[in-house]
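One file, final-v2.txt, is given below (compact mmCIF, C-alpha atoms).
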# COMPACT_ATOMS: atom_id res chain seq x y z
CA MET A 1 31.49 -8.35 75.50
CA PRO A 2 29.09 -9.23 72.66
CA THR A 3 26.91 -12.22 73.33
CA ASN A 4 24.64 -14.25 71.09
CA ILE A 5 21.96 -14.07 73.77
CA ALA A 6 20.31 -10.70 73.31
CA PRO A 7 19.44 -9.07 76.66
CA LEU A 8 15.83 -8.40 77.51
CA SER A 9 14.18 -5.17 76.38
CA ALA A 10 15.95 -2.23 77.96
CA THR A 11 14.28 0.28 80.23
CA THR A 12 16.39 3.36 79.40
CA PRO A 13 17.67 4.94 76.16
CA GLU A 14 21.26 4.24 77.20
CA LEU A 15 20.65 0.53 77.79
CA ALA A 16 18.55 0.22 74.63
CA PHE A 17 21.36 1.69 72.54
CA LEU A 18 23.88 -0.62 74.20
CA ARG A 19 21.58 -3.54 73.42
CA LEU A 20 21.57 -2.58 69.74
CA LEU A 21 25.37 -2.36 69.73
CA ASN A 22 25.63 -5.81 71.30
CA VAL A 23 23.17 -7.33 68.84
CA LEU A 24 25.01 -5.83 65.85
CA ASP A 25 28.37 -7.04 67.18
CA THR A 26 26.98 -10.56 67.53
CA LEU A 27 25.41 -10.58 64.07
CA ARG A 28 28.55 -9.17 62.47
CA THR A 29 30.69 -11.97 63.88
CA GLN A 30 28.26 -14.90 63.67
CA CYS A 31 25.65 -14.36 60.91
CA PRO A 32 26.82 -15.40 57.39
CA TRP A 33 24.83 -12.58 55.73
CA ASP A 34 25.89 -9.84 58.14
CA LYS A 35 29.54 -10.89 57.91
CA LYS A 36 29.59 -10.23 54.16
CA GLN A 37 28.06 -6.76 54.19
CA THR A 38 30.04 -3.65 53.25
CA MET A 39 29.10 0.02 53.22
CA GLU A 40 28.48 -0.30 49.50
CA THR A 41 26.13 -3.29 49.83
CA LEU A 42 24.18 -1.56 52.60
CA ARG A 43 23.86 1.74 50.74
CA HIS A 44 20.85 0.91 48.56
CA LEU A 45 19.13 -0.79 51.50
CA THR A 46 19.58 2.35 53.60
CA ILE A 47 18.05 4.47 50.84
CA GLU A 48 15.10 2.07 50.72
CA GLU A 49 14.65 2.28 54.50
CA THR A 50 14.71 6.08 54.32
CA TYR A 51 11.94 6.12 51.73
CA GLU A 52 9.91 3.65 53.80
CA LEU A 53 10.24 6.01 56.76
CA SER A 54 9.15 8.88 54.52
CA ASP A 55 6.07 6.94 53.41
CA SER A 56 5.05 6.14 56.98
CA ILE A 57 5.45 9.80 57.98
CA LEU A 58 3.19 10.96 55.14
CA ASP A 59 0.68 8.24 56.07
CA GLY A 60 0.75 9.41 59.70
CA ASP A 61 1.26 5.81 60.85
CA MET A 62 3.09 6.17 64.17
CA GLN A 63 3.66 2.44 64.64
CA GLU A 64 5.27 2.20 61.21
CA ILE A 65 7.33 5.32 61.92
CA LYS A 66 8.65 3.68 65.09
CA LYS A 67 9.54 0.50 63.21
CA GLU A 68 11.23 2.32 60.33
CA LEU A 69 13.23 4.51 62.73
CA GLY A 70 14.54 1.33 64.31
CA ASP A 71 15.52 -0.09 60.92
CA LEU A 72 17.32 3.11 60.00
CA MET A 73 19.06 3.29 63.38
CA MET A 74 20.29 -0.27 62.87
CA HIS A 75 21.83 0.73 59.53
CA LEU A 76 23.64 3.70 61.08
CA VAL A 77 25.13 1.51 63.79
CA PHE A 78 26.07 -1.09 61.16
CA TYR A 79 28.10 1.46 59.18
CA ALA A 80 29.97 2.50 62.31
CA ARG A 81 30.60 -1.16 63.19
CA ILE A 82 32.12 -1.79 59.76
CA ALA A 83 34.34 1.31 60.00
CA SER A 84 35.58 0.25 63.44
CA GLU A 85 37.01 -2.96 61.96
CA THR A 86 39.64 -0.91 60.10
CA ASN A 87 40.09 1.56 62.98
CA THR A 88 38.73 4.32 60.74
CA PHE A 89 36.13 5.47 63.27
CA ASN A 90 33.61 3.95 65.66
CA ILE A 91 30.17 4.78 66.98
CA THR A 92 31.65 6.89 69.79
CA ASP A 93 33.46 9.05 67.25
CA VAL A 94 30.24 9.41 65.24
CA LEU A 95 28.16 10.51 68.23
CA ASN A 96 30.80 12.85 69.61
CA GLY A 97 31.26 14.35 66.16
CA VAL A 98 27.61 15.23 65.70
CA CYS A 99 27.35 16.58 69.26
CA ASP A 100 30.42 18.80 68.73
CA LYS A 101 28.94 20.09 65.48
CA LEU A 102 25.57 20.88 67.04
CA ILE A 103 27.20 22.72 69.94
CA ASN A 104 29.50 24.73 67.65
CA ARG A 105 26.66 25.69 65.30
CA HIS A 106 24.34 26.81 68.10
CA PRO A 107 26.34 29.63 69.71
CA HIS A 108 23.04 31.26 70.67
CA ILE A 109 22.50 28.30 73.02
CA TYR A 110 26.04 27.31 74.03
CA GLY A 111 27.68 30.72 73.63
CA ASP A 112 26.94 34.43 73.85
CA VAL A 113 25.52 35.04 70.37
CA GLU A 114 22.04 36.60 70.30
CA VAL A 115 19.38 35.76 67.71
CA ASN A 116 15.93 37.21 67.10
CA ASN A 117 14.30 34.48 65.03
CA GLU A 118 14.66 31.32 62.98
CA ASP A 119 16.20 33.19 60.04
CA ASP A 120 19.03 34.43 62.26
CA VAL A 121 19.70 30.85 63.35
CA LYS A 122 19.88 29.62 59.74
CA ARG A 123 22.10 32.54 58.73
CA ASN A 124 24.54 31.83 61.56
CA TRP A 125 24.53 28.12 60.66
CA GLU A 126 25.60 28.79 57.06
CA GLN A 127 28.25 31.31 58.08
CA LEU A 128 29.73 28.86 60.56
CA LYS A 129 29.85 26.15 57.89
CA LEU A 130 31.88 28.48 55.68
CA LYS A 131 34.28 29.15 58.54
CA GLU A 132 34.65 25.39 59.00
CA GLY A 133 36.05 25.10 55.49
CA ASN A 134 33.10 24.80 53.10
CA LYS A 135 34.04 26.59 49.88
CA SER A 136 30.43 27.33 48.94
CA VAL A 137 27.16 27.81 50.77
CA LEU A 138 25.71 25.24 48.35
CA ALA A 139 28.45 22.66 48.97
CA GLY A 140 26.31 20.97 51.61
CA VAL A 141 23.53 20.08 49.14
CA PRO A 142 24.03 16.40 48.15
CA ALA A 143 24.40 15.94 44.40
CA SER A 144 22.26 12.79 44.47
CA LEU A 145 19.20 14.42 46.08
CA PRO A 146 15.98 14.15 44.03
CA ALA A 147 15.66 17.30 41.92
CA LEU A 148 12.55 18.63 43.67
CA VAL A 149 14.10 18.27 47.12
CA LYS A 150 17.40 19.68 45.87
CA ALA A 151 15.69 22.81 44.51
CA GLY A 152 14.21 23.54 47.92
CA ARG A 153 17.50 22.97 49.72
CA ILE A 154 19.40 25.20 47.28
CA GLN A 155 16.93 28.01 47.88
CA GLU A 156 17.07 27.58 51.65
CA LYS A 157 20.87 27.67 51.59
CA ALA A 158 20.88 30.85 49.49
CA ARG A 159 18.36 32.46 51.83
CA GLY A 160 20.67 31.68 54.74
CA VAL A 161 23.16 34.27 53.44
CA GLY A 162 20.53 36.82 52.42
CA PHE A 163 20.12 35.94 48.72
CA ASP A 164 16.34 35.82 48.52
CA TRP A 165 13.21 37.72 47.61
CA ASP A 166 11.74 40.10 50.18
CA LYS A 167 8.05 39.33 49.63
CA LYS A 168 6.04 36.38 48.37
CA GLU A 169 4.30 38.68 45.88
CA GLN A 170 7.64 39.13 44.11
CA VAL A 171 8.07 35.37 43.93
CA TRP A 172 4.60 34.89 42.46
CA GLN A 173 5.37 37.51 39.81
CA LYS A 174 8.38 35.40 38.88
CA VAL A 175 6.16 32.30 38.63
CA GLU A 176 3.80 34.14 36.28
CA GLU A 177 6.74 35.45 34.27
CA GLU A 178 8.20 31.95 33.84
CA LEU A 179 4.79 30.52 32.95
CA GLN A 180 4.22 33.21 30.32
CA GLU A 181 7.68 32.62 28.86
CA PHE A 182 6.96 28.92 28.60
CA LYS A 183 3.55 29.50 27.05
CA THR A 184 4.92 32.04 24.56
CA GLU A 185 7.84 29.86 23.54
CA PHE A 186 5.82 26.66 23.28
CA ASN A 187 2.30 27.78 22.42
CA VAL A 188 -0.05 24.90 23.14
CA GLU A 189 -2.50 26.17 20.53
CA LYS A 190 -0.04 25.69 17.68
CA ASP A 191 0.54 22.24 16.27
CA GLU A 192 4.24 22.51 15.53
CA ASP A 193 7.45 20.80 16.57
CA ILE A 194 9.24 22.21 19.57
CA ASP A 195 12.86 22.25 20.70
CA ILE A 196 12.70 19.65 23.47
CA GLU A 197 15.99 20.70 25.05
CA LYS A 198 14.94 24.33 25.22
CA ALA A 199 11.46 23.41 26.43
CA GLU A 200 12.97 21.28 29.17
CA ALA A 201 15.13 24.18 30.35
CA GLU A 202 12.17 26.58 30.43
CA PHE A 203 10.01 24.03 32.21
CA GLY A 204 12.76 23.58 34.80
CA ASP A 205 12.78 27.34 35.41
CA LEU A 206 9.00 27.24 35.94
CA ILE A 207 9.20 24.39 38.45
CA PHE A 208 12.08 26.09 40.30
CA SER A 209 10.02 29.26 40.67
CA LEU A 210 7.02 27.27 41.95
CA VAL A 211 9.24 25.57 44.53
CA ASN A 212 10.42 29.02 45.57
CA TYR A 213 6.85 30.25 46.06
CA ALA A 214 5.94 27.09 47.98
CA ARG A 215 8.82 27.84 50.35
CA PHE A 216 7.52 31.35 50.96
CA ILE A 217 4.07 30.08 51.96
CA HIS A 218 5.53 27.23 54.04
CA ILE A 219 4.54 24.34 51.77
CA ASN A 220 6.97 21.47 51.34
CA PRO A 221 6.77 20.78 47.58
CA GLU A 222 8.08 17.23 47.91
CA ASN A 223 5.41 16.37 50.48
CA ALA A 224 2.73 18.13 48.44
CA LEU A 225 3.58 16.23 45.25
CA GLU A 226 3.89 12.88 47.01
CA LYS A 227 0.48 13.34 48.65
CA THR A 228 -0.96 14.06 45.22
CA ASN A 229 0.75 10.92 43.89
CA LYS A 230 -0.81 8.85 46.66
CA LYS A 231 -4.23 10.41 46.02
CA PHE A 232 -4.00 9.65 42.31
CA ILE A 233 -2.96 6.04 42.99
CA LYS A 234 -5.92 5.46 45.33
CA ARG A 235 -8.40 6.93 42.86
CA PHE A 236 -6.96 5.04 39.92
CA GLN A 237 -7.00 1.75 41.82
CA TYR A 238 -10.64 2.42 42.73
CA LEU A 239 -11.32 2.92 39.03
CA GLU A 240 -9.59 -0.39 38.23
CA GLN A 241 -11.55 -2.21 40.94
CA LYS A 242 -14.92 -0.87 39.79
CA ALA A 243 -14.18 -1.67 36.15
CA LYS A 244 -13.24 -5.23 37.10
CA GLU A 245 -16.41 -5.64 39.19
CA ASN A 246 -18.42 -4.65 36.13
CA GLY A 247 -16.55 -7.01 33.84
CA LYS A 248 -14.79 -4.25 31.92
CA ALA A 249 -11.15 -3.72 30.91
CA LEU A 250 -9.79 -0.17 31.14
CA GLN A 251 -8.22 -0.32 27.69
CA ASP A 252 -11.65 -1.02 26.19
CA MET A 253 -13.41 1.82 28.01
CA THR A 254 -13.87 5.38 26.81
CA LEU A 255 -12.52 8.26 28.85
CA ALA A 256 -16.10 9.30 29.64
CA GLU A 257 -16.83 5.85 31.06
CA MET A 258 -13.68 5.94 33.18
CA ASP A 259 -14.57 9.44 34.41
CA VAL A 260 -17.72 8.05 36.02
CA TYR A 261 -15.67 5.82 38.32
CA TRP A 262 -13.03 8.52 38.78
CA ASN A 263 -15.63 10.95 40.08
CA GLU A 264 -16.95 8.25 42.41
CA ALA A 265 -13.42 7.80 43.74
CA LYS A 266 -13.14 11.55 44.41
CA LYS A 267 -16.32 11.38 46.51
CA HIS A 268 -14.85 8.52 48.55

For this file, write the structure as structure tokens.
Amino acid sequence: MPTNIAPLSATTPELAFLRLLNVLDTLRTQCPWDKKQTMETLRHLTIEETYELSDSILDGDMQEIKKELGDLMMHLVFYARIASETNTFNITDVLNGVCDKLINRHPHIYGDVEVNNEDDVKRNWEQLKLKEGNKSVLAGVPASLPALVKAGRIQEKARGVGFDWDKKEQVWQKVEEELQEFKTEFNVEKDEDIDIEKAEAEFGDLIFSLVNYARFIHINPENALEKTNKKFIKRFQYLEQKAKENGKALQDMTLAEMDVYWNEAKKH
């Protein structure tokens, strides 16, 4: 039975998970804030926790990763606790469901199917999903995924059924082709108005082809771009700090003056 006295830290995964269930049961029945929560009110908080976990992973901060995993785990248990109140499903159903899915989609481990490599595993995974009722290989790509992540997932899904380039050289040729099309259509050397809608479409094609090439050389484009974002932020904040130390405001400085501090930041 749930108790408002949380047990001491557990010594096994099983007891630790039971402790979390007990704590959530107690909070759900006794805490004014927890009582009022619904799946909808938790949704944006879960998204925030997921991004915080992502940040800690990119920062390589293992202590933060541990903390954020705990926060995310709490949210998952919370959703199951809410669903159990209407007898829709409970945490046992959730865990059994994911275990059944993993077993069914790994026949090379739990059955007699033979695979030669990772690509065979992915191909079997997508074929099994279609047998389970998915109408499209791409049906499993969430519509709300950020566009850069979604592009990579779409390409991975298509590759799973054999729709892909054979060599990375072919993909790079496509990148160059898309870049040339964009440059030809919207020549940067000509000072003339452009069709923004058309330019946007062509630019999207270029990015999609770059994501494709990144996949072929085993670069995660989302991670790569976020690391560049973080690098830019650090350098820009260094620039701001140095300008302030010298009694200057960025808006009053020339680009050449700012470049001095920017280059210092790159050395750091």

Looking at A:Leu53, A:Val211, A:Leu255, A:Ala265, which one is nearest to Lys150 in chain A, with distances taken over all atoms listed in the file? A:Val211

In Å to one decimal, how far is CA of Glu49 in chain A from CA of Leu72 in chain A? 6.2 Å

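Distances to Ala199 in chain A were evaluated for A:Asn212, A:Leu58, A:Trp165, A:Glu178 using all atoms listed in the file, and the minimum falls at A:Glu178.
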
For range 36-42 of chain A, list every protein, DNA or RNA residue within 9 Å, evaluated using only C-alpha atoms, and leave out those in the same chain fewer than 2 positions away; present the list as number ranges by chain. A: 28, 31-34, 44-47, 75, 78-79, 82-83

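Using all atoms listed in the file, the protein and nucleic acid residues lying no more than 12 Å from Lys168 in chain A, apart from those fewer than 6 places from it along its own chain, are Lys174, Val175, Ser209, Leu210, Val211, Asn212, Tyr213, Ala214, Arg215, Phe216, Ile217 and His218 of chain A.
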
In Å and to one decimal, CA of Phe232 in chain A is distant from CA of Ser144 in chain A by 26.5 Å

For CA of Gly160 in chain A and CA of Asp119 in chain A, determine how far apart the two atoms are, in Å to one decimal place. 7.1 Å

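Proximity of A:Asn246, A:Tyr238, A:Lys183, A:Glu156 to Asp259 in chain A, computed with all atoms listed in the file, is greatest for A:Tyr238.
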
Would you place a box with edges along x, y and z of the file around all atoms of range 188-198 of chain A listed there, add 4 Å to each of its six sides, and report the centre and edge lengths in Å to one decimal, as JSON?
{"center_x": 6.7, "center_y": 22.9, "center_z": 20.4, "size_x": 26.5, "size_y": 14.5, "size_z": 17.7}

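Among the candidate residues A:Asp71, A:Glu177, A:Glu169, A:Glu185, the one lying nearest to Leu20 in chain A is A:Asp71, with distances computed using all atoms listed in the file.
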
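With all atoms listed in the file taken into account, the protein and nucleic acid residues at most 12 Å from range 131-142 of chain A (excluding it and anything under 6 positions from it in its own chain) are Lys101, Asn104, Arg105, Lys122, Arg123, Asn124, Trp125, Val149, Lys150, Ala151, Gly152, Arg153, Ile154, Gln155, Glu156, Lys157, Ala158, Arg159, Gly160, Val161, Gly162 and Phe163 of chain A.
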